[in-house]
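Student: My structure is below; once you've seen it, I'll send some questions.
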Amino acid sequence: MAVQPPVSGAMPLQAPTAVGLFGRWRDALDQWAAARVANPAFRRWAERFPLTRPIARRRASQLFDLVAGFSYSQVLLACVRLQLFDRLADGSATADALAPALKLPPEACRRLLDAAVALRLLSSRQRGAGAAVYRLGPLGAPMVGNAAIAAMVEHHALLYADLADPLALLRAPPGQGELARYWAYARSDRPHTLAPAQVADYSALMAASQPLVADEILDAHPLQRHHCLMDVGGGEGVFAAAAAHRWPHLRLVVFDLPEVAHRAQGRLAALGLAGRATAVGGDFCTDALPTGADVISLVRVVHDHDDHRVMALLHAARRALPPHGVLLLAEPMAGTAGAQAMGDAYFGLYLWAMGSGRPRTIAQLGAMLQAAGFSAPRQLRNAMPLQTQVLLARPVGP
(Lines give C-alpha, C1' and ligand atoms only; values in the text may rest on other atoms or scores of the structure.)
Protein backbone atom coordinates (compact mmCIF):
# COMPACT_ATOMS: atom_id res chain seq x y z
CA MET A 1 0.00 0.00 0.00
CA ALA A 2 1.37 3.36 -0.97
CA VAL A 3 2.24 5.81 1.80
CA GLN A 4 0.36 9.07 1.40
CA PRO A 5 2.52 12.18 1.73
CA PRO A 6 1.62 14.61 4.49
CA VAL A 7 -0.67 17.51 3.66
CA SER A 8 1.31 20.54 2.56
CA GLY A 9 2.23 22.67 5.57
CA ALA A 10 1.45 19.93 8.05
CA MET A 11 4.04 18.13 10.11
CA PRO A 12 4.13 14.33 9.72
CA LEU A 13 2.99 12.44 12.79
CA GLN A 14 5.77 11.12 14.94
CA ALA A 15 5.81 8.79 17.89
CA PRO A 16 6.20 10.68 21.18
CA THR A 17 9.84 10.87 22.14
CA ALA A 18 11.19 9.97 25.55
CA VAL A 19 12.21 13.60 26.04
CA GLY A 20 8.70 14.79 25.17
CA LEU A 21 7.07 12.32 27.54
CA PHE A 22 9.50 13.22 30.31
CA GLY A 23 8.84 16.93 29.78
CA ARG A 24 5.07 16.47 30.02
CA TRP A 25 5.53 14.34 33.13
CA ARG A 26 7.68 17.04 34.72
CA ASP A 27 5.15 19.74 33.82
CA ALA A 28 2.33 17.72 35.39
CA LEU A 29 4.40 17.06 38.52
CA ASP A 30 5.37 20.72 38.85
CA GLN A 31 1.74 21.78 38.47
CA TRP A 32 0.65 19.27 41.10
CA ALA A 33 3.37 20.44 43.52
CA ALA A 34 2.47 24.11 43.02
CA ALA A 35 -1.18 23.37 43.71
CA ARG A 36 -0.25 21.59 46.95
CA VAL A 37 1.99 24.43 48.16
CA ALA A 38 -0.70 26.99 47.33
CA ASN A 39 -3.09 25.15 49.68
CA PRO A 40 -2.96 26.65 53.23
CA ALA A 41 -3.81 23.32 54.83
CA PHE A 42 -0.92 21.61 53.05
CA ARG A 43 1.48 24.38 54.09
CA ARG A 44 0.47 24.00 57.75
CA TRP A 45 1.04 20.28 57.51
CA ALA A 46 4.44 20.73 55.79
CA GLU A 47 5.58 23.20 58.47
CA ARG A 48 4.99 20.57 61.14
CA PHE A 49 5.98 17.30 59.45
CA PRO A 50 9.64 16.52 60.34
CA LEU A 51 10.73 15.61 56.81
CA THR A 52 9.23 18.68 55.12
CA ARG A 53 9.77 21.20 57.93
CA PRO A 54 13.32 22.19 56.82
CA ILE A 55 12.10 22.81 53.26
CA ALA A 56 9.15 24.89 54.47
CA ARG A 57 11.37 26.99 56.70
CA ARG A 58 13.95 27.53 53.98
CA ARG A 59 11.34 28.65 51.47
CA ALA A 60 9.71 30.95 54.02
CA SER A 61 13.11 32.54 54.64
CA GLN A 62 13.73 32.93 50.91
CA LEU A 63 10.34 34.57 50.42
CA PHE A 64 10.98 36.95 53.29
CA ASP A 65 14.35 37.88 51.77
CA LEU A 66 12.48 38.92 48.63
CA VAL A 67 10.20 41.11 50.73
CA ALA A 68 13.07 42.64 52.70
CA GLY A 69 15.64 42.84 49.92
CA PHE A 70 15.39 46.61 49.52
CA SER A 71 16.23 47.07 53.20
CA TYR A 72 19.26 44.86 52.81
CA SER A 73 20.53 46.86 49.84
CA GLN A 74 20.05 50.13 51.74
CA VAL A 75 22.10 48.82 54.66
CA LEU A 76 24.92 48.17 52.20
CA LEU A 77 24.48 51.61 50.65
CA ALA A 78 24.67 53.28 54.07
CA CYS A 79 27.84 51.36 54.93
CA VAL A 80 29.45 52.37 51.63
CA ARG A 81 28.54 56.03 51.99
CA LEU A 82 29.94 56.05 55.53
CA GLN A 83 33.12 54.28 54.35
CA LEU A 84 32.48 51.88 57.20
CA PHE A 85 34.45 48.97 55.77
CA ASP A 86 37.57 51.08 55.29
CA ARG A 87 37.21 52.44 58.83
CA LEU A 88 37.26 48.91 60.23
CA ALA A 89 40.03 47.64 57.96
CA ASP A 90 42.68 47.91 60.68
CA GLY A 91 40.72 46.54 63.60
CA SER A 92 37.48 46.57 65.55
CA ALA A 93 35.46 49.22 67.34
CA THR A 94 32.34 49.65 69.46
CA ALA A 95 29.23 51.47 68.31
CA ASP A 96 29.92 54.29 70.79
CA ALA A 97 33.39 54.76 69.35
CA LEU A 98 32.18 54.74 65.75
CA ALA A 99 29.11 56.94 66.18
CA PRO A 100 30.91 60.35 66.30
CA ALA A 101 33.07 59.53 63.26
CA LEU A 102 29.99 58.38 61.33
CA LYS A 103 27.97 61.39 62.51
CA LEU A 104 25.19 59.11 63.76
CA PRO A 105 23.38 59.02 67.10
CA PRO A 106 24.79 56.10 69.14
CA GLU A 107 21.59 54.03 68.95
CA ALA A 108 21.19 54.63 65.21
CA CYS A 109 24.81 53.59 64.74
CA ARG A 110 24.18 50.41 66.73
CA ARG A 111 21.12 49.61 64.59
CA LEU A 112 23.14 49.97 61.40
CA LEU A 113 26.02 47.89 62.74
CA ASP A 114 23.71 45.11 63.92
CA ALA A 115 21.98 45.12 60.53
CA ALA A 116 25.36 44.79 58.83
CA VAL A 117 26.20 41.88 61.13
CA ALA A 118 22.95 40.13 60.19
CA LEU A 119 23.90 40.49 56.51
CA ARG A 120 27.42 39.19 57.18
CA LEU A 121 28.94 42.50 56.15
CA LEU A 122 30.28 42.80 59.69
CA SER A 123 30.74 40.43 62.58
CA SER A 124 30.53 41.20 66.29
CA ARG A 125 31.82 39.84 69.56
CA GLN A 126 30.67 40.57 73.08
CA ARG A 127 33.46 41.40 75.51
CA GLY A 128 32.15 40.13 78.81
CA ALA A 129 29.58 42.54 80.19
CA GLY A 130 30.90 45.34 78.01
CA ALA A 131 29.70 46.72 74.69
CA ALA A 132 29.79 44.63 71.54
CA VAL A 133 32.83 45.05 69.34
CA TYR A 134 32.34 45.15 65.57
CA ARG A 135 34.78 44.10 62.87
CA LEU A 136 34.71 43.16 59.19
CA GLY A 137 32.57 40.19 58.17
CA PRO A 138 33.06 37.80 55.25
CA LEU A 139 31.04 39.98 52.84
CA GLY A 140 32.39 43.29 54.11
CA ALA A 141 36.08 42.44 53.92
CA PRO A 142 36.13 42.37 50.07
CA MET A 143 34.68 45.90 50.12
CA VAL A 144 37.82 47.41 51.70
CA GLY A 145 39.39 49.76 49.18
CA ASN A 146 37.18 48.33 46.45
CA ALA A 147 36.24 51.39 44.43
CA ALA A 148 34.63 49.26 41.73
CA ILE A 149 31.95 47.71 43.94
CA ALA A 150 31.46 50.95 45.89
CA ALA A 151 30.77 52.84 42.67
CA MET A 152 28.21 50.25 41.58
CA VAL A 153 26.47 50.35 44.98
CA GLU A 154 26.24 54.15 44.86
CA HIS A 155 24.99 54.06 41.28
CA HIS A 156 22.07 51.80 42.18
CA ALA A 157 20.30 54.67 43.90
CA LEU A 158 19.13 55.61 40.39
CA LEU A 159 17.68 52.15 39.79
CA TYR A 160 15.90 52.19 43.15
CA ALA A 161 14.31 55.53 42.25
CA ASP A 162 13.01 54.06 38.98
CA LEU A 163 11.72 50.95 40.76
CA ALA A 164 9.87 52.86 43.48
CA ASP A 165 6.71 52.16 41.48
CA PRO A 166 7.51 49.05 39.42
CA LEU A 167 4.12 48.96 37.67
CA ALA A 168 4.51 52.56 36.53
CA LEU A 169 7.94 51.65 35.20
CA LEU A 170 6.66 48.62 33.28
CA ARG A 171 3.54 50.33 31.92
CA ALA A 172 5.48 53.27 30.51
CA PRO A 173 7.66 53.00 27.41
CA PRO A 174 11.18 51.90 28.38
CA GLY A 175 13.69 54.54 29.29
CA GLN A 176 11.61 57.19 31.06
CA GLY A 177 13.42 57.49 34.39
CA GLU A 178 16.67 58.31 36.14
CA LEU A 179 18.71 55.51 34.57
CA ALA A 180 17.79 56.57 31.05
CA ARG A 181 18.96 60.09 31.76
CA TYR A 182 22.19 58.73 33.22
CA TRP A 183 22.95 56.43 30.26
CA ALA A 184 22.38 59.19 27.74
CA TYR A 185 23.26 57.13 24.67
CA ALA A 186 20.61 54.49 25.40
CA ARG A 187 17.67 56.41 23.91
CA SER A 188 19.57 58.78 21.64
CA ASP A 189 19.15 58.62 17.87
CA ARG A 190 22.49 60.40 17.48
CA PRO A 191 24.71 59.18 20.32
CA HIS A 192 27.85 60.39 18.55
CA THR A 193 26.72 63.99 19.15
CA LEU A 194 26.55 63.71 22.96
CA ALA A 195 28.29 66.50 24.84
CA PRO A 196 31.13 65.91 27.31
CA ALA A 197 28.86 66.42 30.32
CA GLN A 198 26.46 63.75 29.03
CA VAL A 199 29.10 61.03 28.93
CA ALA A 200 31.23 61.97 31.94
CA ASP A 201 29.35 60.23 34.76
CA TYR A 202 28.67 56.90 33.11
CA SER A 203 32.18 56.79 31.61
CA ALA A 204 33.66 57.28 35.07
CA LEU A 205 31.43 54.54 36.48
CA MET A 206 32.43 52.07 33.78
CA ALA A 207 36.09 52.93 34.30
CA ALA A 208 35.77 52.37 38.04
CA SER A 209 33.95 49.04 37.65
CA GLN A 210 35.98 47.63 34.75
CA PRO A 211 38.58 45.99 37.03
CA LEU A 212 35.80 43.65 38.20
CA VAL A 213 35.93 41.84 34.86
CA ALA A 214 39.18 42.75 33.07
CA ASP A 215 41.33 40.06 34.66
CA GLU A 216 38.58 37.47 34.21
CA ILE A 217 38.56 38.04 30.46
CA LEU A 218 42.31 38.28 30.03
CA ASP A 219 42.82 35.09 32.03
CA ALA A 220 40.23 33.28 29.90
CA HIS A 221 41.88 34.23 26.61
CA PRO A 222 45.53 35.34 26.87
CA LEU A 223 46.52 37.71 24.09
CA GLN A 224 50.21 36.90 23.66
CA ARG A 225 49.60 35.49 20.14
CA HIS A 226 47.73 38.58 18.97
CA HIS A 227 49.32 41.77 17.74
CA CYS A 228 46.49 44.30 18.04
CA LEU A 229 43.42 44.49 20.29
CA MET A 230 40.48 46.75 19.44
CA ASP A 231 38.11 47.23 22.36
CA VAL A 232 34.81 48.40 20.87
CA GLY A 233 32.65 50.37 23.27
CA GLY A 234 35.81 50.46 25.35
CA GLY A 235 34.97 53.54 27.40
CA GLU A 236 37.97 55.24 28.96
CA GLY A 237 40.36 52.48 27.96
CA VAL A 238 40.64 50.62 31.25
CA PHE A 239 40.35 47.17 29.68
CA ALA A 240 42.78 48.07 26.91
CA ALA A 241 45.24 49.38 29.49
CA ALA A 242 44.97 46.14 31.48
CA ALA A 243 45.78 44.17 28.32
CA ALA A 244 48.68 46.49 27.53
CA HIS A 245 50.12 45.96 31.00
CA ARG A 246 50.14 42.18 30.54
CA TRP A 247 51.50 42.07 26.99
CA PRO A 248 54.00 44.84 26.18
CA HIS A 249 54.06 43.91 22.47
CA LEU A 250 50.32 44.47 22.02
CA ARG A 251 48.98 47.48 20.14
CA LEU A 252 45.64 48.86 21.33
CA VAL A 253 42.69 50.65 19.75
CA VAL A 254 39.71 51.89 21.77
CA PHE A 255 36.58 52.69 19.78
CA ASP A 256 33.71 54.59 21.44
CA LEU A 257 31.62 57.71 21.06
CA PRO A 258 33.75 60.76 20.23
CA GLU A 259 33.64 62.40 23.65
CA VAL A 260 34.27 59.06 25.38
CA ALA A 261 37.19 58.36 23.04
CA HIS A 262 38.61 61.75 23.97
CA ARG A 263 38.54 60.72 27.63
CA ALA A 264 40.16 57.39 26.73
CA GLN A 265 42.98 59.09 24.85
CA GLY A 266 43.74 61.19 27.90
CA ARG A 267 43.79 58.19 30.23
CA LEU A 268 45.97 56.11 27.89
CA ALA A 269 48.43 58.98 27.51
CA ALA A 270 48.59 59.47 31.28
CA LEU A 271 49.46 55.77 31.61
CA GLY A 272 52.34 56.16 29.16
CA LEU A 273 50.59 54.23 26.40
CA ALA A 274 50.28 56.98 23.79
CA GLY A 275 52.92 55.34 21.62
CA ARG A 276 51.08 52.04 21.25
CA ALA A 277 47.42 52.90 21.95
CA THR A 278 44.93 55.14 20.23
CA ALA A 279 41.28 56.00 20.75
CA VAL A 280 38.92 56.48 17.81
CA GLY A 281 35.55 58.19 18.04
CA GLY A 282 32.41 57.14 16.21
CA ASP A 283 29.11 55.27 16.40
CA PHE A 284 29.65 51.54 16.04
CA CYS A 285 26.12 51.06 14.73
CA THR A 286 26.59 53.35 11.75
CA ASP A 287 30.33 53.84 11.25
CA ALA A 288 32.86 51.35 9.93
CA LEU A 289 35.25 50.10 12.58
CA PRO A 290 38.98 50.62 12.07
CA THR A 291 40.78 47.65 10.54
CA GLY A 292 44.10 46.14 11.55
CA ALA A 293 43.17 44.44 14.84
CA ASP A 294 43.28 40.66 15.00
CA VAL A 295 41.19 40.51 18.18
CA ILE A 296 38.09 42.60 18.90
CA SER A 297 36.57 42.73 22.37
CA LEU A 298 33.02 43.65 23.32
CA VAL A 299 33.10 44.00 27.09
CA ARG A 300 29.74 44.69 28.76
CA VAL A 301 28.48 46.26 25.54
CA VAL A 302 26.03 43.92 23.82
CA HIS A 303 23.45 43.59 26.60
CA ASP A 304 23.06 47.39 26.63
CA HIS A 305 21.57 47.44 23.13
CA ASP A 306 18.45 46.24 21.33
CA ASP A 307 18.73 43.45 18.77
CA HIS A 308 18.97 45.61 15.65
CA ARG A 309 21.84 47.63 17.11
CA VAL A 310 23.61 44.49 18.28
CA MET A 311 23.38 42.98 14.80
CA ALA A 312 24.79 46.18 13.28
CA LEU A 313 27.67 46.03 15.76
CA LEU A 314 28.40 42.35 15.09
CA HIS A 315 28.35 42.88 11.33
CA ALA A 316 30.74 45.82 11.75
CA ALA A 317 33.07 43.67 13.84
CA ARG A 318 32.94 40.88 11.27
CA ARG A 319 33.93 43.30 8.49
CA ALA A 320 36.80 44.72 10.54
CA LEU A 321 38.37 41.38 11.47
CA PRO A 322 40.83 39.49 9.26
CA PRO A 323 40.05 35.82 8.49
CA HIS A 324 42.36 34.67 11.30
CA GLY A 325 40.96 37.13 13.84
CA VAL A 326 38.80 36.43 16.87
CA LEU A 327 35.94 38.19 18.63
CA LEU A 328 35.67 38.17 22.42
CA LEU A 329 32.20 38.89 23.78
CA ALA A 330 32.13 39.25 27.56
CA GLU A 331 29.26 40.27 29.82
CA PRO A 332 26.88 38.89 32.46
CA MET A 333 24.51 36.52 30.69
CA ALA A 334 21.02 35.25 31.37
CA GLY A 335 20.77 31.64 32.47
CA THR A 336 24.09 31.68 34.33
CA ALA A 337 24.20 28.59 36.52
CA GLY A 338 23.84 29.53 40.16
CA ALA A 339 22.92 33.13 39.31
CA GLN A 340 19.73 32.83 37.28
CA ALA A 341 18.06 35.75 39.06
CA MET A 342 20.80 38.09 37.86
CA GLY A 343 19.71 37.79 34.23
CA ASP A 344 15.98 38.36 34.04
CA ALA A 345 15.15 39.61 37.53
CA TYR A 346 18.00 42.13 37.72
CA PHE A 347 19.28 43.01 34.26
CA GLY A 348 15.83 42.57 32.73
CA LEU A 349 14.41 45.44 34.79
CA TYR A 350 17.63 47.45 34.88
CA LEU A 351 17.85 47.56 31.09
CA TRP A 352 14.13 48.30 30.78
CA ALA A 353 14.62 51.32 33.03
CA MET A 354 17.71 52.25 31.08
CA GLY A 355 15.66 52.12 27.89
CA SER A 356 17.85 49.85 25.80
CA GLY A 357 19.04 46.26 25.64
CA ARG A 358 18.03 43.00 27.28
CA PRO A 359 19.68 40.06 29.02
CA ARG A 360 20.57 37.24 26.64
CA THR A 361 21.54 33.63 27.09
CA ILE A 362 24.62 32.05 25.56
CA ALA A 363 22.37 30.31 23.02
CA GLN A 364 20.75 33.60 22.00
CA LEU A 365 24.11 35.32 21.63
CA GLY A 366 25.42 32.37 19.67
CA ALA A 367 22.56 32.62 17.19
CA MET A 368 23.20 36.34 16.71
CA LEU A 369 26.91 35.78 16.20
CA GLN A 370 26.30 33.12 13.56
CA ALA A 371 23.76 35.35 11.80
CA ALA A 372 26.46 38.04 11.60
CA GLY A 373 29.01 35.74 9.98
CA PHE A 374 30.83 34.22 12.93
CA SER A 375 31.33 30.64 13.96
CA ALA A 376 29.29 29.10 16.73
CA PRO A 377 30.97 30.65 19.78
CA ARG A 378 33.07 28.73 22.24
CA GLN A 379 32.46 29.49 25.90
CA LEU A 380 35.71 30.10 27.73
CA ARG A 381 36.10 29.06 31.34
CA ASN A 382 36.54 31.80 33.92
CA ALA A 383 36.52 31.95 37.68
CA MET A 384 33.52 34.23 38.31
CA PRO A 385 30.70 33.69 35.77
CA LEU A 386 28.40 35.89 37.87
CA GLN A 387 30.48 38.92 36.92
CA THR A 388 31.00 37.96 33.30
CA GLN A 389 31.01 35.04 30.92
CA VAL A 390 33.28 35.00 27.90
CA LEU A 391 32.48 33.80 24.38
CA LEU A 392 35.04 33.45 21.59
CA ALA A 393 33.95 33.43 17.95
CA ARG A 394 35.82 33.45 14.65
CA PRO A 395 34.84 34.88 11.27
CA VAL A 396 33.55 32.37 8.75
CA GLY A 397 32.97 32.62 5.04
CA PRO A 398 34.26 35.25 2.65
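Chain identifiers are assigned as A, B, and so on, following the order in which chains appear in the C-alpha coordinates; residues are numbered from 1 within each chain, and ligands are numbered from 1 in order of appearance.
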Would you mind listing what lies within 6 Å of segment 368-385 of chain A as a PDB file with N, CA and C atoms, in the first residue's frame, with only C-alpha atoms counted and same-chain residues fewer than 6 positions away left out?
Tutor:
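The file below, selection.pdb, is the result:
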ATOM      1  N   ALA A 220      40.946  34.272  30.713  1.00  0.00           N
ATOM      2  CA  ALA A 220      40.231  33.283  29.903  1.00  0.00           C
ATOM      3  C   ALA A 220      40.824  33.157  28.504  1.00  0.00           C
ATOM      4  N   LEU A 314      27.739  43.611  15.420  1.00  0.00           N
ATOM      5  CA  LEU A 314      28.400  42.355  15.094  1.00  0.00           C
ATOM      6  C   LEU A 314      28.820  42.309  13.631  1.00  0.00           C
ATOM      7  N   HIS A 315      27.973  42.822  12.747  1.00  0.00           N
ATOM      8  CA  HIS A 315      28.353  42.881  11.333  1.00  0.00           C
ATOM      9  C   HIS A 315      29.569  43.791  11.136  1.00  0.00           C
ATOM     10  N   LEU A 391      32.669  34.588  25.593  1.00  0.00           N
ATOM     11  CA  LEU A 391      32.476  33.802  24.378  1.00  0.00           C
ATOM     12  C   LEU A 391      33.547  34.203  23.359  1.00  0.00           C
ATOM     13  N   LEU A 392      34.068  33.211  22.650  1.00  0.00           N
ATOM     14  CA  LEU A 392      35.042  33.445  21.586  1.00  0.00           C
ATOM     15  C   LEU A 392      34.457  32.946  20.275  1.00  0.00           C
ATOM     16  N   ALA A 393      34.471  33.799  19.266  1.00  0.00           N
ATOM     17  CA  ALA A 393      33.951  33.431  17.946  1.00  0.00           C
ATOM     18  C   ALA A 393      34.936  33.871  16.865  1.00  0.00           C
ATOM     19  N   ARG A 394      34.913  33.140  15.768  1.00  0.00           N
ATOM     20  CA  ARG A 394      35.818  33.449  14.655  1.00  0.00           C
ATOM     21  C   ARG A 394      35.013  33.758  13.393  1.00  0.00           C
ATOM     22  N   PRO A 395      35.543  34.616  12.536  1.00  0.00           N
ATOM     23  CA  PRO A 395      34.845  34.884  11.272  1.00  0.00           C
ATOM     24  C   PRO A 395      34.774  33.617  10.420  1.00  0.00           C
ATOM     25  N   VAL A 396      33.695  33.464   9.697  1.00  0.00           N
ATOM     26  CA  VAL A 396      33.553  32.366   8.747  1.00  0.00           C
ATOM     27  C   VAL A 396      33.122  32.927   7.406  1.00  0.00           C
TER      28      VAL A 396
END
Student: Near Ala99 of chain A, counting only C-alpha atoms, which residues have an atom at most 12 Å away, once you skip same-chain residues fewer than 2 positions from it, shown as a VMD selection string?
Tutor: chain A and resid 82 84 87 93 to 97 101 to 113
Student: Please return as a PyMOL selection string: the residues of segment 136-345 of chain A that backbone DSSP assigns to strand (DSSP E or B).
Tutor: chain A and resi 136+228-232+251-256+277-281+295-299+326-331
Student: Please provide as a ChimeraX atom specification all residues within 9 Å of Ala353 of chain A, with the sequence filter that same-chain residues fewer than 4 positions apart are discarded (counting only C-alpha atoms).
Tutor: /A:159,162-163,169-170,174-180,348-349
Student: With all heavy atoms retained, could you export that selection as a CSV table (one decimal), in the first residue's frame?
Tutor:
chain,number,residue,atom,x,y,z
A,159,LEU,N,18.6,53.3,40.1
A,159,LEU,CA,17.7,52.1,39.8
A,159,LEU,C,16.6,52.1,40.8
A,159,LEU,O,15.4,51.8,40.5
A,159,LEU,CB,18.5,50.8,39.8
A,159,LEU,CG,17.6,49.6,39.6
A,159,LEU,CD1,16.9,49.6,38.3
A,159,LEU,CD2,18.5,48.3,39.7
A,162,ASP,N,13.9,54.5,40.1
A,162,ASP,CA,13.0,54.1,39.0
A,162,ASP,C,12.1,52.9,39.4
A,162,ASP,O,11.0,52.8,38.8
A,162,ASP,CB,13.9,53.6,37.8
A,162,ASP,CG,14.5,54.8,37.1
A,162,ASP,OD1,14.1,55.9,37.3
A,162,ASP,OD2,15.4,54.6,36.3
A,163,LEU,N,12.5,52.1,40.3
A,163,LEU,CA,11.7,50.9,40.8
A,163,LEU,C,10.8,51.3,41.9
A,163,LEU,O,10.1,50.4,42.4
A,163,LEU,CB,12.6,49.8,41.2
A,163,LEU,CG,13.3,49.0,40.0
A,163,LEU,CD1,14.3,48.0,40.5
A,163,LEU,CD2,12.3,48.3,39.2
A,169,LEU,N,6.8,51.8,36.1
A,169,LEU,CA,7.9,51.6,35.2
A,169,LEU,C,7.6,50.7,34.0
A,169,LEU,O,8.0,51.0,32.9
A,169,LEU,CB,9.1,51.1,36.0
A,169,LEU,CG,10.4,50.7,35.3
A,169,LEU,CD1,11.1,51.9,34.7
A,169,LEU,CD2,11.3,49.8,36.2
A,170,LEU,N,6.9,49.6,34.3
A,170,LEU,CA,6.7,48.6,33.3
A,170,LEU,C,5.6,49.1,32.3
A,170,LEU,O,5.5,48.6,31.2
A,170,LEU,CB,6.3,47.3,33.9
A,170,LEU,CG,7.4,46.6,34.7
A,170,LEU,CD1,6.9,45.5,35.6
A,170,LEU,CD2,8.5,46.1,33.7
A,174,PRO,N,9.9,52.0,27.7
A,174,PRO,CA,11.2,51.9,28.4
A,174,PRO,C,12.0,53.2,28.3
A,174,PRO,O,11.9,53.9,27.3
A,174,PRO,CB,11.9,50.7,27.6
A,174,PRO,CG,11.2,50.6,26.3
A,174,PRO,CD,9.8,51.1,26.6
A,175,GLY,N,12.8,53.4,29.3
A,175,GLY,CA,13.7,54.5,29.3
A,175,GLY,C,13.1,55.9,29.6
A,175,GLY,O,13.4,56.9,29.0
A,176,GLN,N,12.3,55.9,30.7
A,176,GLN,CA,11.6,57.2,31.1
A,176,GLN,C,12.1,57.8,32.4
A,176,GLN,O,11.7,58.8,32.8
A,176,GLN,CB,10.1,57.0,31.2
A,176,GLN,CG,9.4,56.4,29.9
A,176,GLN,CD,9.6,57.4,28.8
A,176,GLN,OE1,9.2,58.6,28.9
A,176,GLN,NE2,10.1,56.9,27.7
A,177,GLY,N,13.0,57.1,33.0
A,177,GLY,CA,13.4,57.5,34.4
A,177,GLY,C,14.9,58.0,34.5
A,177,GLY,O,15.5,58.4,33.6
A,178,GLU,N,15.4,57.8,35.8
A,178,GLU,CA,16.7,58.3,36.1
A,178,GLU,C,17.8,57.6,35.4
A,178,GLU,O,18.8,58.2,35.0
A,178,GLU,CB,16.9,58.2,37.6
A,178,GLU,CG,15.9,59.0,38.5
A,178,GLU,CD,16.0,60.5,38.2
A,178,GLU,OE1,17.2,61.0,38.0
A,178,GLU,OE2,15.0,61.2,38.2
A,179,LEU,N,17.7,56.3,35.3
A,179,LEU,CA,18.7,55.5,34.6
A,179,LEU,C,18.8,55.9,33.1
A,179,LEU,O,20.0,56.0,32.6
A,179,LEU,CB,18.4,54.0,34.7
A,179,LEU,CG,18.9,53.3,35.9
A,179,LEU,CD1,18.6,51.8,35.9
A,179,LEU,CD2,20.4,53.5,36.1
A,180,ALA,N,17.7,56.2,32.5
A,180,ALA,CA,17.8,56.6,31.1
A,180,ALA,C,18.5,57.9,30.9
A,180,ALA,O,19.2,58.1,29.9
A,180,ALA,CB,16.4,56.6,30.5
A,348,GLY,N,17.0,42.4,33.5
A,348,GLY,CA,15.8,42.6,32.7
A,348,GLY,C,15.2,43.9,33.1
A,348,GLY,O,14.8,44.7,32.2
A,349,LEU,N,15.0,44.2,34.4
A,349,LEU,CA,14.4,45.4,34.8
A,349,LEU,C,15.4,46.6,34.7
A,349,LEU,O,15.0,47.7,34.4
A,349,LEU,CB,13.9,45.3,36.2
A,349,LEU,CG,12.7,44.3,36.4
A,349,LEU,CD1,12.2,44.3,37.8
A,349,LEU,CD2,11.6,44.7,35.5
Student: Calculate how many Å separate atom CA of Ala261 of chain A from atom CA of Thr278 of chain A, rounding to one decimal.
Tutor: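 Distance reported for this atom pair: 8.8 Å.
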Student: Just give me the gap between atom CA of Ala277 of chain A and atom CA of Arg190 of chain A in Å, one decimal is fine.
Tutor: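 Atom CA of Arg190 of chain A lies 26.4 Å from atom CA of Ala277 of chain A.
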Student: Excluding segment 193-200 of chain A and its own-chain neighbours fewer than 3 positions away, which residues fall within 10 Å of it when counting only C-alpha atoms? Please give them as a ChimeraX atom specification.
Tutor: /A:181-185,188-190,203-205,235-236,257-260,262-263,282-283
Student: As a PyMOL selection string, please: every residue in segment 30-163 of chain A that DSSP puts in helix (DSSP H, G or I).
Tutor: chain A and resi 30-38+40-48+53-81+84-87+95-102+106-118+141-143+147-162
